[in-house]
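For reference, start_34.txt is printed below; it contains compact mmCIF, C-alpha atoms.
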```
# COMPACT_ATOMS: atom_id res chain seq x y z
CA MET A 1 0.00 0.00 0.00
CA ASN A 2 1.28 3.46 -0.85
CA PHE A 3 1.48 6.00 1.94
CA THR A 4 3.27 9.22 2.75
CA ILE A 5 4.81 10.29 6.04
CA ARG A 6 4.87 14.07 6.33
CA HIS A 7 5.06 16.80 8.93
CA ALA A 8 1.61 17.74 10.17
CA LYS A 9 0.11 21.11 9.33
CA SER A 10 -2.31 23.13 11.44
CA CYS A 11 -5.15 22.10 9.12
CA ASP A 12 -4.51 18.46 10.17
CA CYS A 13 -5.44 19.08 13.82
CA GLU A 14 -9.00 17.76 13.54
CA HIS A 15 -7.66 14.55 11.98
CA ILE A 16 -4.96 14.25 14.65
CA MET A 17 -7.62 14.78 17.32
CA ARG A 18 -9.73 12.01 15.77
CA LEU A 19 -6.73 9.66 15.90
CA ILE A 20 -5.91 10.69 19.48
CA MET A 21 -9.45 9.70 20.47
CA GLU A 22 -9.09 6.36 18.65
CA LEU A 23 -5.86 5.70 20.55
CA ALA A 24 -7.49 6.67 23.85
CA VAL A 25 -10.36 4.25 23.20
CA TYR A 26 -7.85 1.48 22.34
CA GLU A 27 -6.01 2.19 25.60
CA ASN A 28 -9.30 2.27 27.60
CA MET A 29 -8.61 5.88 28.62
CA SER A 30 -10.96 7.96 26.48
CA GLU A 31 -12.28 9.82 29.53
CA GLN A 32 -8.78 11.19 30.14
CA VAL A 33 -8.59 13.14 26.87
CA LYS A 34 -9.13 16.79 27.77
CA ILE A 35 -7.60 18.65 24.82
CA THR A 36 -9.34 19.93 21.71
CA SER A 37 -8.19 20.38 18.13
CA LYS A 38 -7.95 24.14 18.84
CA GLU A 39 -5.50 23.45 21.69
CA LEU A 40 -3.52 21.12 19.42
CA GLU A 41 -3.31 23.89 16.86
CA ARG A 42 -2.20 26.42 19.48
CA ASP A 43 0.32 24.11 21.13
CA GLY A 44 1.82 22.54 18.02
CA PHE A 45 1.68 25.20 15.35
CA SER A 46 2.43 28.51 17.06
CA ASN A 47 5.74 30.38 17.28
CA HIS A 48 6.46 28.59 20.58
CA SER A 49 5.20 25.09 19.85
CA PHE A 50 5.27 22.43 22.56
CA PHE A 51 5.32 19.50 20.16
CA LYS A 52 5.80 18.40 16.58
CA CYS A 53 3.85 15.78 14.71
CA LEU A 54 4.10 13.51 11.72
CA VAL A 55 1.05 12.14 9.93
CA ALA A 56 0.66 9.10 7.72
CA GLU A 57 -1.48 9.72 4.68
CA VAL A 58 -2.79 7.27 2.11
CA PRO A 59 -4.01 8.07 -1.42
CA GLU A 60 -7.73 8.69 -1.87
CA GLU A 61 -8.22 5.24 -3.39
CA HIS A 62 -7.30 3.77 0.03
CA GLN A 63 -9.30 6.24 2.14
CA THR A 64 -11.51 4.94 4.93
CA LYS A 65 -15.24 4.51 4.37
CA GLU A 66 -15.64 7.82 6.25
CA GLY A 67 -13.35 9.50 3.71
CA HIS A 68 -10.23 9.83 5.86
CA THR A 69 -6.82 9.74 4.20
CA ILE A 70 -4.81 10.59 7.35
CA VAL A 71 -4.54 7.17 8.99
CA GLY A 72 -1.78 7.57 11.57
CA TYR A 73 0.20 10.08 13.56
CA CYS A 74 3.35 10.31 15.63
CA LEU A 75 3.54 13.18 18.13
CA TYR A 76 6.98 14.04 19.52
CA PHE A 77 8.94 16.71 21.34
CA TYR A 78 12.44 17.33 22.65
CA THR A 79 13.58 16.93 26.21
CA TYR A 80 16.95 16.71 27.91
CA SER A 81 18.91 14.10 29.83
CA THR A 82 21.42 15.40 32.35
CA TRP A 83 23.46 12.28 31.67
CA GLU A 84 23.32 12.11 27.87
CA GLY A 85 22.06 15.46 26.56
CA ARG A 86 19.42 15.86 23.88
CA VAL A 87 16.51 13.40 23.78
CA ILE A 88 13.62 13.07 21.36
CA TYR A 89 10.48 11.86 23.12
CA MET A 90 7.78 10.02 21.17
CA GLU A 91 4.52 10.74 22.97
CA ASP A 92 2.25 8.77 20.63
CA LEU A 93 2.64 6.48 17.65
CA TYR A 94 -0.71 5.36 16.31
CA VAL A 95 -1.95 3.75 13.11
CA MET A 96 -5.61 2.93 12.49
CA PRO A 97 -6.18 -0.84 12.84
CA LYS A 98 -7.24 -1.26 9.19
CA PHE A 99 -3.87 0.13 8.04
CA ARG A 100 -1.58 -1.78 10.40
CA GLY A 101 0.83 -4.31 8.93
CA ASN A 102 1.67 -2.10 5.95
CA GLY A 103 4.87 -0.60 7.39
CA ILE A 104 3.29 2.72 8.36
CA GLY A 105 4.15 2.51 12.06
CA LYS A 106 7.69 1.40 11.33
CA ALA A 107 8.12 4.20 8.76
CA MET A 108 6.97 6.81 11.29
CA MET A 109 9.27 5.39 13.96
CA CYS A 110 12.19 5.40 11.50
CA ARG A 111 11.43 9.01 10.59
CA ILE A 112 11.40 10.03 14.29
CA ALA A 113 14.77 8.31 14.72
CA GLN A 114 16.12 10.18 11.68
CA ILE A 115 14.84 13.50 13.05
CA GLY A 116 16.41 12.68 16.42
CA ARG A 117 19.78 11.85 14.91
CA GLN A 118 19.70 14.99 12.72
CA SER A 119 19.12 16.95 15.94
CA GLU A 120 22.01 15.09 17.59
CA CYS A 121 19.75 13.38 20.13
CA ALA A 122 21.35 10.67 22.25
CA ARG A 123 18.19 8.61 22.48
CA LEU A 124 14.58 8.14 21.46
CA GLN A 125 12.39 7.66 24.49
CA PHE A 126 8.72 6.68 24.93
CA ASN A 127 6.32 4.77 27.18
CA VAL A 128 4.16 1.74 26.40
CA LEU A 129 1.33 0.39 28.54
CA ASN A 130 2.37 -2.86 30.23
CA TRP A 131 -0.56 -4.82 28.72
CA ASN A 132 0.20 -3.71 25.15
CA LYS A 133 2.27 -6.78 24.29
CA PRO A 134 2.10 -6.35 20.48
CA SER A 135 3.60 -2.84 20.74
CA ILE A 136 6.21 -3.91 23.29
CA GLU A 137 7.31 -6.76 21.03
CA PHE A 138 7.27 -4.47 17.97
CA TYR A 139 9.57 -1.94 19.67
CA LYS A 140 11.85 -4.61 21.12
CA SER A 141 12.17 -6.29 17.71
CA HIS A 142 13.66 -3.02 16.45
CA GLY A 143 16.14 -2.65 19.30
CA ALA A 144 14.21 -0.77 22.00
CA LEU A 145 15.12 -1.53 25.61
CA ASP A 146 12.46 -2.07 28.27
CA LEU A 147 13.76 0.22 31.02
CA THR A 148 11.35 -1.24 33.56
CA GLU A 149 13.07 -4.60 33.12
CA LYS A 150 16.60 -3.30 32.53
CA GLU A 151 16.90 -0.40 34.99
CA GLY A 152 13.78 -0.50 37.17
CA TRP A 153 12.47 2.98 36.27
CA HIS A 154 8.94 3.92 37.31
CA ALA A 155 6.90 6.43 35.30
CA MET A 156 5.66 9.12 37.70
CA ARG A 157 3.56 12.25 37.34
CA PHE A 158 1.85 15.01 39.25
CA GLU A 159 -1.65 15.71 37.98
CA VAL A 160 -3.29 19.15 38.11
CA ALA A 161 -4.48 19.10 41.75
CA ALA A 162 -1.10 17.95 43.04
CA MET A 163 0.70 20.45 40.79
CA GLU A 164 -1.53 23.23 42.04
CA LYS A 165 -0.77 22.28 45.66
CA LEU A 166 2.96 22.27 44.95
CA ALA A 167 2.77 25.55 43.03
CA GLN A 168 1.07 27.28 45.96
CA MET A 169 3.84 26.35 48.38
CA THR A 170 6.56 28.85 49.12
CA VAL A 171 10.23 27.95 48.91
CA ALA A 172 10.44 28.02 52.70
CA THR A 173 7.45 25.70 53.06
CA CYS A 174 8.92 23.26 50.54
CA ALA A 175 12.22 23.22 52.42
CA THR A 176 10.57 22.33 55.74
CA THR A 177 7.99 19.85 54.42
CA THR A 178 8.95 16.20 54.60
CA THR A 179 7.40 13.26 52.80
```
I need this file expressed as structure tokens, please.
Amino acid sequence: MNFTIRHAKSCDCEHIMRLIMELAVYENMSEQVKITSKELERDGFSNHSFFKCLVAEVPEEHQTKEGHTIVGYCLYFYTYSTWEGRVIYMEDLYVMPKFRGNGIGKAMMCRIAQIGRQSECARLQFNVLNWNKPSIEFYKSHGALDLTEKEGWHAMRFEVAAMEKLAQMTVATCATTTT
């Protein structure tokens, strides 16, 4: 099947949002999606973008029954490792189920690796849900390391309420608070 991997444009945001929702449903987390296509446009296509995105597009003869030609996306951004320097972080890699097995996911992952190396990144980093065995095996088959197994890292986060609580603390309060 023919397909093209290209950098997303602001006019793609509604399609990217559709794919984000599909991914969220697949991961049983659709209720956690809070963003809109307008926020995607603001955050990815402004002068101070927070992310970049690739899309996978098929010719019209392969479009979905709903008329979609954008069938996958890969959202990424840059971060920094104090041990290794520049890092490219792949937030999402998603291909619609009907289009899997055609090399689209691998092509997007290869393109992210190329972008990372062109930017002199030391590594490509991402997370995978522990139950998503097909994705884990896919990534491992291409050389990815499972850091949970290898190094024992735990993914952690502060959500809005906890962030707000931390943000309201003064430096002095933070210094005297113990866990």
Which residues are close to Tyr94 (chain A), i.e. within 9 Å by all atoms listed in the file, leaving aside same-chain residues fewer than 3 positions away? Reply as a list in words.
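Result of the neighbour search: Leu19, Ile20, Glu22, Leu23, Val71, Gly72, Tyr73, Cys74, Pro97 and Gly105 of chain A.
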Can you pull out every residue within 10 Å of Cys11 (chain A), counting all atoms listed in the file, but drop anything in the same chain fewer than 3 positions away, and send it as a PyMOL selection string?
chain A and resi 8+14-16+37+41+45
Determine, for each residue of region 11-125 of chain A having at least one atom at most 12 Å from an atom of region 132-155 of chain A, the closest pair of atoms and their separation in Å to one decimal, counting only C-alpha atoms; order by chain and ascending number, as CSV.
```
residue,atom,partner,partner_atom,distance
A:Tyr26,CA,A:Asn132,CA,10.0
A:Glu27,CA,A:Asn132,CA,8.6
A:Asn28,CA,A:Asn132,CA,11.5
A:Asp92,CA,A:Ser135,CA,11.7
A:Leu93,CA,A:Ser135,CA,9.9
A:Tyr94,CA,A:Ser135,CA,10.3
A:Val95,CA,A:Ser135,CA,11.5
A:Arg100,CA,A:Ser135,CA,11.6
A:Gly101,CA,A:Phe138,CA,11.1
A:Gly103,CA,A:Phe138,CA,11.5
A:Gly105,CA,A:Phe138,CA,9.7
A:Lys106,CA,A:Phe138,CA,8.9
A:Ala107,CA,A:His142,CA,11.9
A:Met109,CA,A:Tyr139,CA,9.3
A:Cys110,CA,A:His142,CA,9.9
A:Ala113,CA,A:His142,CA,11.5
A:Arg123,CA,A:Ala144,CA,10.2
A:Leu124,CA,A:Ala144,CA,8.9
A:Gln125,CA,A:Ala144,CA,9.0
```
Could you give me, as a PDB file with C-alpha atoms, in the coordinates of the input, the residues within 8 Å of His7 (chain A), counting only C-alpha atoms and dropping anything in the same chain fewer than 5 positions from it?
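File selection07.pdb, as written:
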```pdb
ATOM      1  CA  LYS A  52       5.800  18.400  16.580  1.00  0.00           C
ATOM      2  CA  CYS A  53       3.850  15.780  14.710  1.00  0.00           C
ATOM      3  CA  LEU A  54       4.100  13.510  11.720  1.00  0.00           C
ATOM      4  CA  VAL A  55       1.050  12.140   9.930  1.00  0.00           C
TER       5      VAL A  55
END
```
